[in-house]
>>> print(open('input_24.tsv').read())   # TSV, C-alpha atoms
chain	number	residue	atom	x	y	z
A	1	MET	CA	6.68	-7.04	27.80
A	2	SER	CA	10.22	-7.31	26.43
A	3	ILE	CA	11.26	-9.31	23.38
A	4	ASP	CA	12.94	-11.81	25.68
A	5	ASP	CA	9.65	-12.34	27.52
A	6	ASP	CA	7.87	-12.80	24.21
A	7	LYS	CA	10.51	-15.30	23.07
A	8	LYS	CA	10.22	-17.19	26.32
A	9	ARG	CA	6.45	-17.39	26.05
A	10	PHE	CA	6.63	-18.46	22.41
A	11	THR	CA	9.29	-21.09	23.14
A	12	GLU	CA	7.04	-22.64	25.79
A	13	ILE	CA	4.17	-22.81	23.32
A	14	TYR	CA	6.54	-24.12	20.65
A	15	ASN	CA	7.81	-26.94	22.83
A	16	GLN	CA	4.27	-27.93	23.69
A	17	GLU	CA	2.55	-27.55	20.33
A	18	SER	CA	5.11	-28.16	17.59
A	19	ASP	CA	4.84	-31.97	17.66
A	20	PRO	CA	1.01	-32.21	17.57
A	21	LEU	CA	0.93	-29.54	14.88
A	22	PHE	CA	3.54	-31.32	12.78
A	23	ARG	CA	1.69	-34.62	13.21
A	24	PHE	CA	-1.57	-33.00	12.09
A	25	CYS	CA	0.15	-31.54	9.02
A	26	LEU	CA	2.07	-34.70	8.13
A	27	LEU	CA	-0.98	-36.94	8.26
A	28	ARG	CA	-2.82	-34.56	5.96
A	29	VAL	CA	-0.20	-33.74	3.37
A	30	SER	CA	1.72	-37.07	3.50
A	31	ASP	CA	4.97	-35.26	2.72
A	32	ARG	CA	7.46	-34.64	5.50
A	33	GLU	CA	9.11	-31.61	3.88
A	34	ARG	CA	5.77	-30.02	3.07
A	35	ALA	CA	4.52	-30.75	6.60
A	36	LEU	CA	7.63	-29.10	8.03
A	37	ASP	CA	7.03	-26.03	5.87
A	38	ILE	CA	3.40	-25.70	6.89
A	39	THR	CA	4.19	-26.28	10.57
A	40	GLN	CA	6.89	-23.64	10.47
A	41	GLU	CA	4.65	-21.17	8.65
A	42	ALA	CA	1.86	-21.61	11.21
A	43	LEU	CA	4.26	-21.20	14.13
A	44	ALA	CA	5.93	-18.19	12.48
A	45	ARG	CA	2.54	-16.51	12.19
A	46	LEU	CA	1.87	-17.13	15.85
A	47	TRP	CA	5.29	-15.69	16.72
A	48	SER	CA	4.53	-12.66	14.59
A	49	SER	CA	1.25	-12.11	16.46
A	50	ILE	CA	2.94	-12.43	19.85
A	51	PHE	CA	5.81	-10.16	18.79
A	52	LEU	CA	3.40	-7.47	17.58
A	53	GLY	CA	1.61	-7.57	20.92
A	54	LYS	CA	-1.63	-9.14	19.72
A	55	LYS	CA	-3.66	-10.94	22.33
A	56	VAL	CA	-3.57	-14.71	21.76
A	57	GLU	CA	-5.94	-16.41	24.14
A	58	ASN	CA	-5.72	-19.95	22.85
A	59	PRO	CA	-2.48	-20.45	20.93
A	60	ARG	CA	-3.13	-24.15	20.32
A	61	ALA	CA	-6.48	-23.52	18.64
A	62	LEU	CA	-5.00	-20.66	16.66
A	63	LEU	CA	-2.12	-22.83	15.44
A	64	PHE	CA	-4.46	-25.59	14.26
A	65	VAL	CA	-6.73	-23.05	12.54
A	66	ILE	CA	-3.75	-21.53	10.70
A	67	ALA	CA	-2.33	-24.94	9.76
A	68	ARG	CA	-5.73	-26.14	8.58
A	69	ASN	CA	-6.12	-23.09	6.32
A	70	LEU	CA	-2.58	-23.45	4.99
A	71	ILE	CA	-3.26	-27.08	4.12
A	72	ILE	CA	-6.48	-26.12	2.34
A	73	ASP	CA	-4.57	-23.49	0.37
A	74	TRP	CA	-1.93	-26.04	-0.49
A	75	TYR	CA	-4.52	-28.53	-1.74
A	76	ARG	CA	-6.14	-25.82	-3.79
A	77	ARG	CA	-2.86	-25.18	-5.51
A	78	ILE	CA	-1.84	-28.74	-6.23
A	79	LYS	CA	-5.07	-30.47	-6.92
A	80	SER	CA	-7.98	-29.66	-9.14
A	81	VAL	CA	-10.80	-30.01	-6.70
A	82	SER	CA	-14.38	-29.00	-6.68
A	83	LEU	CA	-14.60	-25.38	-5.60
A	84	GLU	CA	-17.87	-26.12	-3.90
A	85	SER	CA	-16.40	-28.55	-1.41
A	86	LEU	CA	-13.59	-26.16	-0.48
A	87	SER	CA	-15.38	-22.87	-0.37
A	88	SER	CA	-18.26	-24.11	1.78
A	89	ASP	CA	-17.66	-22.57	5.16
A	90	ASN	CA	-19.57	-25.07	7.23
A	91	GLY	CA	-16.51	-26.62	8.84
A	92	ASP	CA	-16.80	-29.81	6.83
A	93	ARG	CA	-13.92	-29.11	4.51
A	94	GLU	CA	-12.12	-32.20	3.41
A	95	PHE	CA	-8.46	-33.04	3.44
A	96	ASP	CA	-8.29	-35.80	0.93
A	97	ALA	CA	-4.78	-37.05	0.52
A	98	PRO	CA	-3.52	-36.22	-2.97
A	99	ASP	CA	-2.28	-39.74	-3.37
A	100	SER	CA	-3.38	-42.60	-1.15
A	101	LYS	CA	-0.03	-44.32	-1.66
A	102	ALA	CA	1.76	-41.31	-0.29
A	103	THR	CA	-0.07	-41.66	3.01
A	104	LEU	CA	1.03	-45.27	3.28
A	105	GLU	CA	4.61	-44.29	2.61
A	106	ILE	CA	4.77	-42.40	5.87
A	107	GLU	CA	6.75	-44.50	8.24
A	108	LEU	CA	4.03	-45.82	10.49
A	109	SER	CA	3.38	-49.08	12.20
A	110	ALA	CA	0.83	-51.35	10.58
A	111	ASP	CA	-1.66	-50.64	13.38
A	112	ALA	CA	-1.18	-46.89	13.02
A	113	LYS	CA	-1.74	-47.06	9.27
A	114	ARG	CA	-4.89	-49.09	9.72
A	115	ALA	CA	-6.21	-46.86	12.51
A	116	TYR	CA	-5.59	-43.78	10.42
A	117	SER	CA	-7.14	-45.46	7.42
A	118	MET	CA	-10.25	-46.10	9.57
A	119	LEU	CA	-10.44	-42.44	10.52
A	120	GLU	CA	-10.00	-41.45	6.89
A	121	SER	CA	-12.91	-43.69	5.96
A	122	LEU	CA	-15.28	-41.66	8.08
A	123	GLU	CA	-17.38	-38.84	6.69
A	124	PRO	CA	-15.45	-35.53	6.73
A	125	GLN	CA	-17.59	-33.98	9.46
A	126	TYR	CA	-16.76	-36.88	11.81
A	127	ARG	CA	-13.19	-37.46	10.64
A	128	GLU	CA	-11.76	-34.24	12.00
A	129	VAL	CA	-13.50	-34.26	15.37
A	130	MET	CA	-12.47	-37.89	15.90
A	131	TYR	CA	-8.87	-37.06	15.01
A	132	PHE	CA	-8.68	-34.06	17.35
A	133	ARG	CA	-10.41	-35.95	20.17
A	134	TYR	CA	-8.61	-39.30	20.05
A	135	VAL	CA	-5.21	-38.50	18.52
A	136	GLU	CA	-4.64	-34.99	19.89
A	137	ASP	CA	-6.72	-35.49	23.07
A	138	LEU	CA	-8.40	-32.10	22.68
A	139	PRO	CA	-11.59	-31.36	24.64
A	140	PRO	CA	-14.79	-30.62	22.60
A	141	LYS	CA	-14.57	-26.90	23.43
A	142	GLU	CA	-11.13	-26.56	21.81
A	143	ILE	CA	-12.15	-28.71	18.85
A	144	GLY	CA	-15.09	-26.35	18.44
A	145	GLU	CA	-12.74	-23.36	18.40
A	146	ILE	CA	-10.62	-24.93	15.68
A	147	LEU	CA	-13.54	-26.02	13.52
A	148	LYS	CA	-15.59	-22.90	14.27
A	149	VAL	CA	-18.56	-24.83	15.65
A	150	ASN	CA	-19.89	-24.98	19.20
A	151	ALA	CA	-18.89	-27.61	21.73
A	152	ASN	CA	-22.32	-29.30	21.64
A	153	THR	CA	-22.04	-29.85	17.91
A	154	VAL	CA	-18.61	-31.37	18.47
A	155	SER	CA	-20.00	-33.72	21.14
A	156	VAL	CA	-22.81	-34.82	18.82
A	157	ARG	CA	-20.35	-35.42	16.00
A	158	LEU	CA	-18.08	-37.39	18.33
A	159	THR	CA	-20.91	-39.69	19.36
A	160	ARG	CA	-22.03	-40.21	15.79
A	161	GLY	CA	-18.44	-40.58	14.62
A	162	MET	CA	-17.81	-43.25	17.21
A	163	GLU	CA	-20.94	-45.10	16.12
A	164	ALA	CA	-19.81	-44.89	12.51
A	165	LEU	CA	-16.37	-46.14	13.47
A	166	ARG	CA	-17.77	-49.12	15.38
A	167	LYS	CA	-20.02	-49.90	12.45
A	168	LEU	CA	-17.07	-49.64	10.11
A	169	MET	CA	-14.99	-51.97	12.23
A	170	GLY	CA	-17.87	-54.38	12.48
A	171	ILE	CA	-18.35	-54.39	8.73
A	172	ARG	CA	-14.67	-54.93	8.20
A	173	GLU	CA	-14.63	-57.73	10.68
A	174	MET	CA	-17.55	-59.32	8.91
A	175	ASN	CA	-15.86	-58.82	5.52
A	176	ASN	CA	-12.66	-60.38	6.79
A	177	GLU	CA	-14.46	-63.24	8.28
B	178	MET	CA	-9.27	-57.62	10.99
B	179	MET	CA	-9.02	-54.79	13.48
B	180	ASP	CA	-10.41	-54.96	16.96
B	181	ASN	CA	-10.75	-52.22	19.53
B	182	GLU	CA	-7.36	-52.91	21.11
B	183	GLN	CA	-5.57	-52.76	17.80
B	184	PHE	CA	-7.31	-49.52	16.99
B	185	LYS	CA	-6.23	-48.05	20.34
B	186	LYS	CA	-2.69	-49.18	19.70
B	187	GLY	CA	-2.78	-47.69	16.24
B	188	ILE	CA	-3.91	-44.35	17.69
B	189	GLU	CA	-1.07	-44.48	20.23
B	190	ASP	CA	1.36	-45.14	17.39
B	191	LEU	CA	-0.01	-42.14	15.52
B	192	LYS	CA	0.70	-40.04	18.59
B	193	SER	CA	4.34	-41.00	18.37
B	194	ILE	CA	4.77	-39.01	15.13
B	195	ARG	CA	6.95	-36.06	16.05
B	196	LEU	CA	9.69	-33.76	14.90
B	197	THR	CA	13.26	-34.89	15.35
B	198	ASP	CA	15.34	-32.87	17.80
B	199	VAL	CA	17.35	-31.41	14.92
B	200	GLU	CA	14.21	-30.38	13.01
B	201	LYS	CA	12.76	-28.86	16.14
B	202	ALA	CA	15.83	-26.80	16.95
B	203	ARG	CA	16.31	-25.66	13.35
B	204	MET	CA	12.67	-24.67	12.99
B	205	LEU	CA	12.69	-22.54	16.14
B	206	GLU	CA	15.88	-20.86	14.99
B	207	SER	CA	14.34	-20.11	11.57
B	208	ILE	CA	11.19	-18.68	13.11
B	209	PHE	CA	13.14	-16.28	15.30
B	210	ALA	CA	15.38	-15.33	12.37
B	211	THR	CA	12.47	-14.50	10.06
B	212	PRO	CA	11.94	-10.75	9.89
B	213	ILE	CA	8.49	-9.72	11.02
B	214	PRO	CA	6.85	-7.25	8.64
B	215	SER	CA	5.73	-4.07	10.31
B	216	PRO	CA	1.92	-3.75	10.42
B	217	TYR	CA	2.39	-0.17	9.20
B	218	MET	CA	3.97	-1.43	5.94
B	219	LYS	CA	0.56	-2.60	4.82
B	220	ARG	CA	-0.78	0.89	5.27
B	221	ILE	CA	1.95	2.67	3.31
B	222	PRO	CA	-0.13	2.97	0.10
B	223	VAL	CA	-3.00	4.42	2.14
B	224	PHE	CA	-0.68	6.88	3.90
B	225	ALA	CA	0.90	7.84	0.56
B	226	PHE	CA	-2.49	8.50	-0.97
B	227	VAL	CA	-3.77	10.49	2.01
B	228	TYR	CA	-0.60	12.58	2.29
B	229	SER	CA	-0.52	13.21	-1.47
B	230	PHE	CA	-4.12	14.31	-1.35
B	231	ILE	CA	-3.50	16.61	1.62
B	232	LEU	CA	-0.40	17.99	-0.10
B	233	LEU	CA	-2.31	18.59	-3.31
B	234	ILE	CA	-5.15	20.37	-1.53
B	235	THR	CA	-2.75	22.46	0.56
B	236	ALA	CA	-0.56	23.36	-2.42
B	237	GLY	CA	-3.62	24.17	-4.50
B	238	GLY	CA	-5.06	26.30	-1.71
B	239	ILE	CA	-1.83	28.21	-1.19
B	240	THR	CA	-1.44	28.79	-4.94
B	241	TYR	CA	-5.01	30.01	-5.18
B	242	ALA	CA	-4.63	32.28	-2.16
B	243	SER	CA	-1.31	33.65	-3.39
B	244	ALA	CA	-2.87	34.80	-6.67
B	245	SER	CA	-4.47	37.79	-4.97
B	246	SER	CA	-1.51	38.57	-2.71
B	247	LEU	CA	0.30	41.92	-2.85
B	248	PRO	CA	3.91	42.98	-2.19
B	249	GLY	CA	4.53	42.77	1.54
B	250	ASP	CA	2.15	39.82	2.00
B	251	VAL	CA	3.49	36.44	3.15
B	252	LEU	CA	2.16	34.67	0.05
B	253	TYR	CA	3.55	37.21	-2.40
B	254	THR	CA	6.90	35.38	-2.46
B	255	ILE	CA	5.05	32.21	-3.51
B	256	LYS	CA	3.18	34.13	-6.19
B	257	THR	CA	6.29	35.64	-7.80
B	258	GLY	CA	8.96	33.12	-6.73
B	259	VAL	CA	7.10	29.87	-7.31
B	260	VAL	CA	3.93	30.26	-9.39
B	261	GLU	CA	5.27	32.86	-11.82
B	262	SER	CA	8.64	31.09	-12.05
B	263	VAL	CA	6.82	27.94	-13.11
B	264	LEU	CA	4.85	29.95	-15.67
B	265	ASP	CA	8.15	31.47	-16.90
B	266	VAL	CA	9.32	27.96	-17.70
B	267	VAL	CA	5.99	26.93	-19.22
B	268	ASN	CA	5.83	30.01	-21.50
B	269	ARG	CA	9.18	29.53	-23.18
B	270	SER	CA	8.21	29.95	-26.80
B	271	PRO	CA	8.55	33.60	-28.02
B	272	GLU	CA	4.82	33.84	-28.83
B	273	ASN	CA	3.76	32.70	-25.37
B	274	ARG	CA	6.50	34.74	-23.76
B	275	ILE	CA	5.20	37.95	-25.34
B	276	VAL	CA	1.72	37.40	-23.89
B	277	TRP	CA	3.06	36.27	-20.50
B	278	GLU	CA	5.49	39.17	-19.97
B	279	GLU	CA	2.77	41.62	-20.99
B	280	GLU	CA	0.51	39.99	-18.42
B	281	LYS	CA	3.19	40.29	-15.73
B	282	VAL	CA	3.66	44.01	-16.36
B	283	GLU	CA	-0.08	44.50	-16.08
B	284	ARG	CA	-0.16	42.44	-12.88
B	285	ARG	CA	2.52	44.62	-11.27
B	286	ILE	CA	0.68	47.80	-12.22
B	287	VAL	CA	-2.58	46.42	-10.81
B	288	GLU	CA	-0.75	45.45	-7.58
B	289	ALA	CA	0.60	48.99	-7.31
B	290	GLU	CA	-2.88	50.41	-7.86
B	291	VAL	CA	-4.40	48.21	-5.16
B	292	LEU	CA	-1.58	49.01	-2.74
B	293	ALA	CA	-2.04	52.70	-3.47
B	294	LYS	CA	-5.76	52.43	-2.83
B	295	GLN	CA	-5.02	50.73	0.51
B	296	GLY	CA	-2.38	53.33	1.33
B	297	ARG	CA	0.37	50.72	1.50
B	298	LEU	CA	2.43	51.75	-1.52
B	299	ASP	CA	5.71	52.92	-0.05
B	300	ASP	CA	8.99	53.70	-1.84
B	301	LYS	CA	10.45	50.28	-1.23
B	302	LYS	CA	7.49	48.47	-2.79
B	303	LEU	CA	7.38	50.95	-5.62
B	304	GLU	CA	11.04	50.34	-6.36
B	305	GLY	CA	10.55	46.57	-6.30
B	306	LEU	CA	7.55	46.75	-8.63
B	307	GLY	CA	9.46	49.13	-10.93
B	308	ARG	CA	12.35	46.67	-11.16
B	309	SER	CA	9.98	43.85	-11.91
B	310	ILE	CA	8.20	45.85	-14.61
B	311	GLU	CA	11.52	46.81	-16.18
B	312	LYS	CA	12.63	43.19	-16.20
B	313	SER	CA	9.38	41.98	-17.78
B	314	SER	CA	9.42	44.79	-20.36
B	315	ILE	CA	12.95	43.86	-21.40
B	316	ALA	CA	11.90	40.20	-21.63
B	317	PHE	CA	8.87	41.29	-23.67
B	318	THR	CA	10.95	43.21	-26.23
B	319	LYS	CA	13.45	40.37	-26.43
B	320	ALA	CA	10.64	37.89	-27.10
B	321	VAL	CA	9.16	40.19	-29.75
B	322	ASN	CA	12.56	40.47	-31.48
B	323	THR	CA	13.13	36.71	-31.26
B	324	ALA	CA	9.69	36.03	-32.74
B	325	ALA	CA	10.39	38.52	-35.56
B	326	SER	CA	13.80	37.06	-36.39
B	327	SER	CA	12.62	33.46	-36.35
B	328	THR	CA	9.56	34.01	-38.54
B	329	THR	CA	9.40	32.53	-42.04
B	330	THR	CA	7.74	35.63	-43.58
B	331	SER	CA	9.73	38.47	-45.17
B	332	THR	CA	11.89	40.71	-42.98
B	333	SER	CA	9.75	43.79	-43.52
B	334	SER	CA	6.47	42.09	-42.58
B	335	ALA	CA	8.10	40.48	-39.51
B	336	ARG	CA	9.33	43.87	-38.47
B	337	GLU	CA	5.89	45.36	-38.98
B	338	ARG	CA	4.43	42.65	-36.84
B	339	ALA	CA	6.95	43.31	-34.06
B	340	GLU	CA	6.19	47.03	-34.25
B	341	GLY	CA	2.50	46.24	-34.01
B	342	GLN	CA	3.02	44.10	-30.89
B	343	LYS	CA	5.05	46.82	-29.19
B	344	LYS	CA	2.48	49.45	-30.13
B	345	GLU	CA	-0.29	47.28	-28.70
B	346	PHE	CA	1.69	46.82	-25.46
B	347	ARG	CA	2.24	50.57	-25.22
B	348	ARG	CA	-1.45	51.24	-25.88
B	349	LYS	CA	-2.58	48.80	-23.18
B	350	ILE	CA	-0.36	50.43	-20.58
B	351	ASN	CA	-1.32	53.96	-21.53
B	352	GLU	CA	-5.01	53.18	-21.63
B	353	ARG	CA	-5.10	51.87	-18.09
B	354	GLN	CA	-7.44	54.06	-16.09
B	355	GLU	CA	-5.61	56.71	-14.18
B	356	SER	CA	-5.67	56.52	-10.42
B	357	LYS	CA	-8.34	58.71	-8.86
B	358	VAL	CA	-6.12	59.44	-5.89
B	359	GLU	CA	-3.99	62.39	-6.86
B	360	SER	CA	-1.10	61.60	-4.53
B	361	THR	CA	-0.59	58.10	-5.94
B	362	ARG	CA	-1.22	58.95	-9.59
B	363	GLY	CA	2.35	60.08	-10.01
B	364	ASN	CA	3.75	56.82	-8.62
B	365	ILE	CA	1.59	54.64	-10.89
B	366	ASN	CA	2.49	56.75	-13.89
B	367	ARG	CA	6.14	56.32	-12.99
B	368	LEU	CA	5.69	52.54	-13.16
B	369	LYS	CA	3.96	52.80	-16.52
B	370	ASP	CA	6.78	55.03	-17.74
B	371	THR	CA	9.31	52.37	-16.74
B	372	ALA	CA	7.74	49.95	-19.21
B	373	ILE	CA	7.33	52.63	-21.90
B	374	LYS	CA	10.96	53.71	-21.43
B	375	VAL	CA	12.19	50.19	-22.14
B	376	LEU	CA	10.20	50.18	-25.37
B	377	ASP	CA	11.45	53.65	-26.31
B	378	ASP	CA	15.06	52.66	-25.69
B	379	GLU	CA	14.56	49.60	-27.82
B	380	ASP	CA	13.02	51.67	-30.64
B	381	ARG	CA	15.86	54.15	-30.46
B	382	ASP	CA	18.43	51.35	-30.71
B	383	ASP	CA	16.58	49.96	-33.72
B	384	ASN	CA	16.46	53.34	-35.47
B	385	GLU	CA	20.16	53.96	-34.86
B	386	GLY	CA	20.92	50.56	-36.31
B	387	ASP	CA	18.80	51.37	-39.38
B	388	ASP	CA	20.54	54.73	-39.89
B	389	GLU	CA	23.91	53.07	-39.78
B	390	ASP	CA	22.74	50.50	-42.29
B	391	ASN	CA	21.47	53.27	-44.64
B	392	LYS	CA	24.79	55.10	-44.45
>>> encode(input="input_24.tsv", output="structure tokens")
Amino acid sequence: MSIDDDKKRFTEIYNQESDPLFRFCLLRVSDRERALDITQEALARLWSSIFLGKKVENPRALLFVIARNLIIDWYRRIKSVSLESLSSDNGDREFDAPDSKATLEIELSADAKRAYSMLESLEPQYREVMYFRYVEDLPPKEIGEILKVNANTVSVRLTRGMEALRKLMGIREMNNE
Amino acid sequence: MMDNEQFKKGIEDLKSIRLTDVEKARMLESIFATPIPSPYMKRIPVFAFVYSFILLITAGGITYASASSLPGDVLYTIKTGVVESVLDVVNRSPENRIVWEEEKVERRIVEAEVLAKQGRLDDKKLEGLGRSIEKSSIAFTKAVNTAASSTTTSTSSARERAEGQKKEFRRKINERQESKVESTRGNINRLKDTAIKVLDDEDRDDNEGDDEDNK
């Protein structure tokens, strides 16, 4: 495979995956410049793998895994967090926004902010699967690849996450009433 | 209050978050412009260590093997041209030089003896060994004289010491066991005489200098 072929393949992936990846990063770091940096870093690593002839079976999953790890590293650097919650390798690692105001400053519609706020209110293990399923439209198998859990676990978490979300909306409705 | 429809709309709005066209184009350009590190770069320290180790073992092996080499052998050039040249530099002080040059003369005589035993001592090798012995003997006497002139003790005792060192050198060469093979005995003795001659010439020069001083 020539470099031109590699570039062509990467450009196709780039056109398809750069927006979802950027969205994922932006919603987690709440800083456009930082999100751009992380997105670029993740894509550059994928390009490096393709260029060096490594076999990349699922570039989308790989990109999200890289971005997720980069975000975790970034949080580790900027925020004093409990090492226990970050080092646990059970796929339930949190992405708490460093500043809740920063999240709100992202230019979003009121509905989008509230929907995202709902997702953020869920327990970490449900939050991510719900995001990947309903915002990124990923099937359970791919979500499993990103979170390093099997598809059945993802399906269970989706069901429970949905229940939690309904409950949350119900409680809110009741509170508002 | 947020109902199901509003939530769905909110999710759709979230999906509209995307890169601008400018950001997208610039990012792609930057990714392609970023140099990709070679995977071999990571292994350079490992390669360096392995090659250094191999080099060290090889060099050590060659040096060790060359120690027992004789004139005419492939490794003899390494023995005299590399190993002994390094030792020449190491033994620079007159005291060390005296011991080292003495050692070299003995080495050459031993080499000649072994070659003679193996029947490989021809005229060419004999001549080469003779030259080497002469050179080392001259260096020996020079080192002895330098040590005597640089000493802090009185001139007479320094001179006595130098005489003693030369005498000892002469004794060592003369006391070497004579070759049992009659035909080669003459050749070995000729090599010994080369070293003795250098010492004799030196003594003669010294005596002449003393006579002139007395006059």
>>> closest_residue(input="input_24.tsv", among="B:Gly187, B:Gly363, B:Gly305, B:Pro222", to="chain A", atoms="all atoms listed in the file")
B:Gly187
>>> residues_around(input="input_24.tsv", residues="Tyr116 (chain A)", least_positions_apart="5", cutoff="10 Å", atoms="all atoms listed in the file", output="PyMOL selection string")
(chain A and resi 27+103-104+108+110-111+121+127+131+135) or (chain B and resi 184+187-188+190-191)
>>> closest_atom_pairs(input="input_24.tsv", of="chain A", to="chain B", cutoff="10 Å", atoms="only C-alpha atoms", output="JSON lines")
{"residue": "A:Lys7", "atom": "CA", "partner": "B:Phe209", "partner_atom": "CA", "distance": 8.3}
{"residue": "A:Phe10", "atom": "CA", "partner": "B:Leu205", "partner_atom": "CA", "distance": 9.6}
{"residue": "A:Thr11", "atom": "CA", "partner": "B:Leu205", "partner_atom": "CA", "distance": 7.9}
{"residue": "A:Tyr14", "atom": "CA", "partner": "B:Leu205", "partner_atom": "CA", "distance": 7.8}
{"residue": "A:Asn15", "atom": "CA", "partner": "B:Lys201", "partner_atom": "CA", "distance": 8.5}
{"residue": "A:Ser18", "atom": "CA", "partner": "B:Leu196", "partner_atom": "CA", "distance": 7.7}
{"residue": "A:Asp19", "atom": "CA", "partner": "B:Arg195", "partner_atom": "CA", "distance": 4.9}
{"residue": "A:Pro20", "atom": "CA", "partner": "B:Arg195", "partner_atom": "CA", "distance": 7.2}
{"residue": "A:Leu21", "atom": "CA", "partner": "B:Arg195", "partner_atom": "CA", "distance": 9.0}
{"residue": "A:Phe22", "atom": "CA", "partner": "B:Arg195", "partner_atom": "CA", "distance": 6.7}
{"residue": "A:Arg23", "atom": "CA", "partner": "B:Ile194", "partner_atom": "CA", "distance": 5.7}
{"residue": "A:Phe24", "atom": "CA", "partner": "B:Ile194", "partner_atom": "CA", "distance": 9.2}
{"residue": "A:Leu26", "atom": "CA", "partner": "B:Ile194", "partner_atom": "CA", "distance": 8.7}
{"residue": "A:Leu27", "atom": "CA", "partner": "B:Leu191", "partner_atom": "CA", "distance": 9.0}
{"residue": "A:Arg32", "atom": "CA", "partner": "B:Leu196", "partner_atom": "CA", "distance": 9.7}
{"residue": "A:Leu36", "atom": "CA", "partner": "B:Met204", "partner_atom": "CA", "distance": 8.3}
{"residue": "A:Asp37", "atom": "CA", "partner": "B:Met204", "partner_atom": "CA", "distance": 9.2}
{"residue": "A:Thr39", "atom": "CA", "partner": "B:Met204", "partner_atom": "CA", "distance": 9.0}
{"residue": "A:Gln40", "atom": "CA", "partner": "B:Met204", "partner_atom": "CA", "distance": 6.4}
{"residue": "A:Glu41", "atom": "CA", "partner": "B:Ile208", "partner_atom": "CA", "distance": 8.3}
{"residue": "A:Ala42", "atom": "CA", "partner": "B:Ile208", "partner_atom": "CA", "distance": 10.0}
{"residue": "A:Leu43", "atom": "CA", "partner": "B:Ile208", "partner_atom": "CA", "distance": 7.4}
{"residue": "A:Ala44", "atom": "CA", "partner": "B:Ile208", "partner_atom": "CA", "distance": 5.3}
{"residue": "A:Arg45", "atom": "CA", "partner": "B:Ile208", "partner_atom": "CA", "distance": 9.0}
{"residue": "A:Leu46", "atom": "CA", "partner": "B:Ile208", "partner_atom": "CA", "distance": 9.8}
{"residue": "A:Trp47", "atom": "CA", "partner": "B:Ile208", "partner_atom": "CA", "distance": 7.5}
{"residue": "A:Ser48", "atom": "CA", "partner": "B:Ile213", "partner_atom": "CA", "distance": 6.1}
{"residue": "A:Ser49", "atom": "CA", "partner": "B:Ile213", "partner_atom": "CA", "distance": 9.4}
{"residue": "A:Phe51", "atom": "CA", "partner": "B:Ile213", "partner_atom": "CA", "distance": 8.2}
{"residue": "A:Leu52", "atom": "CA", "partner": "B:Pro216", "partner_atom": "CA", "distance": 8.2}
{"residue": "A:Ile106", "atom": "CA", "partner": "B:Ile194", "partner_atom": "CA", "distance": 9.9}
{"residue": "A:Glu107", "atom": "CA", "partner": "B:Ile194", "partner_atom": "CA", "distance": 9.0}
{"residue": "A:Leu108", "atom": "CA", "partner": "B:Leu191", "partner_atom": "CA", "distance": 7.4}
{"residue": "A:Ser109", "atom": "CA", "partner": "B:Asp190", "partner_atom": "CA", "distance": 6.8}
{"residue": "A:Ala110", "atom": "CA", "partner": "B:Gly187", "partner_atom": "CA", "distance": 7.6}
{"residue": "A:Asp111", "atom": "CA", "partner": "B:Gly187", "partner_atom": "CA", "distance": 4.3}
{"residue": "A:Ala112", "atom": "CA", "partner": "B:Gly187", "partner_atom": "CA", "distance": 3.7}
{"residue": "A:Lys113", "atom": "CA", "partner": "B:Gly187", "partner_atom": "CA", "distance": 7.1}
{"residue": "A:Arg114", "atom": "CA", "partner": "B:Gly187", "partner_atom": "CA", "distance": 7.0}
{"residue": "A:Ala115", "atom": "CA", "partner": "B:Gly187", "partner_atom": "CA", "distance": 5.1}
{"residue": "A:Tyr116", "atom": "CA", "partner": "B:Ile188", "partner_atom": "CA", "distance": 7.5}
{"residue": "A:Met118", "atom": "CA", "partner": "B:Phe184", "partner_atom": "CA", "distance": 8.7}
{"residue": "A:Leu119", "atom": "CA", "partner": "B:Ile188", "partner_atom": "CA", "distance": 9.9}
{"residue": "A:Tyr131", "atom": "CA", "partner": "B:Ile188", "partner_atom": "CA", "distance": 9.2}
{"residue": "A:Tyr134", "atom": "CA", "partner": "B:Ile188", "partner_atom": "CA", "distance": 7.3}
{"residue": "A:Val135", "atom": "CA", "partner": "B:Ile188", "partner_atom": "CA", "distance": 6.0}
{"residue": "A:Glu136", "atom": "CA", "partner": "B:Lys192", "partner_atom": "CA", "distance": 7.5}
{"residue": "A:Asp137", "atom": "CA", "partner": "B:Lys192", "partner_atom": "CA", "distance": 9.8}
{"residue": "A:Arg166", "atom": "CA", "partner": "B:Asn181", "partner_atom": "CA", "distance": 8.7}
{"residue": "A:Met169", "atom": "CA", "partner": "B:Met179", "partner_atom": "CA", "distance": 6.7}
{"residue": "A:Gly170", "atom": "CA", "partner": "B:Asp180", "partner_atom": "CA", "distance": 8.7}
{"residue": "A:Ile171", "atom": "CA", "partner": "B:Met178", "partner_atom": "CA", "distance": 9.9}
{"residue": "A:Arg172", "atom": "CA", "partner": "B:Met178", "partner_atom": "CA", "distance": 6.6}
{"residue": "A:Glu173", "atom": "CA", "partner": "B:Met178", "partner_atom": "CA", "distance": 5.4}
{"residue": "A:Met174", "atom": "CA", "partner": "B:Met178", "partner_atom": "CA", "distance": 8.7}
{"residue": "A:Asn175", "atom": "CA", "partner": "B:Met178", "partner_atom": "CA", "distance": 8.6}
{"residue": "A:Asn176", "atom": "CA", "partner": "B:Met178", "partner_atom": "CA", "distance": 6.1}
{"residue": "A:Glu177", "atom": "CA", "partner": "B:Met178", "partner_atom": "CA", "distance": 8.1}
>>> closest_residue(input="input_24.tsv", among="A:Met130, A:Leu70, A:Val65, A:Gly161", to="Leu147 (chain A)", atoms="all atoms listed in the file")
A:Val65
>>> residues_around(input="input_24.tsv", residues="Val282 (chain B)", least_positions_apart="2", cutoff="8 Å", atoms="only C-alpha atoms", output="number ranges by chain")
B: 278-280, 284-286, 309-310, 313-314, 372
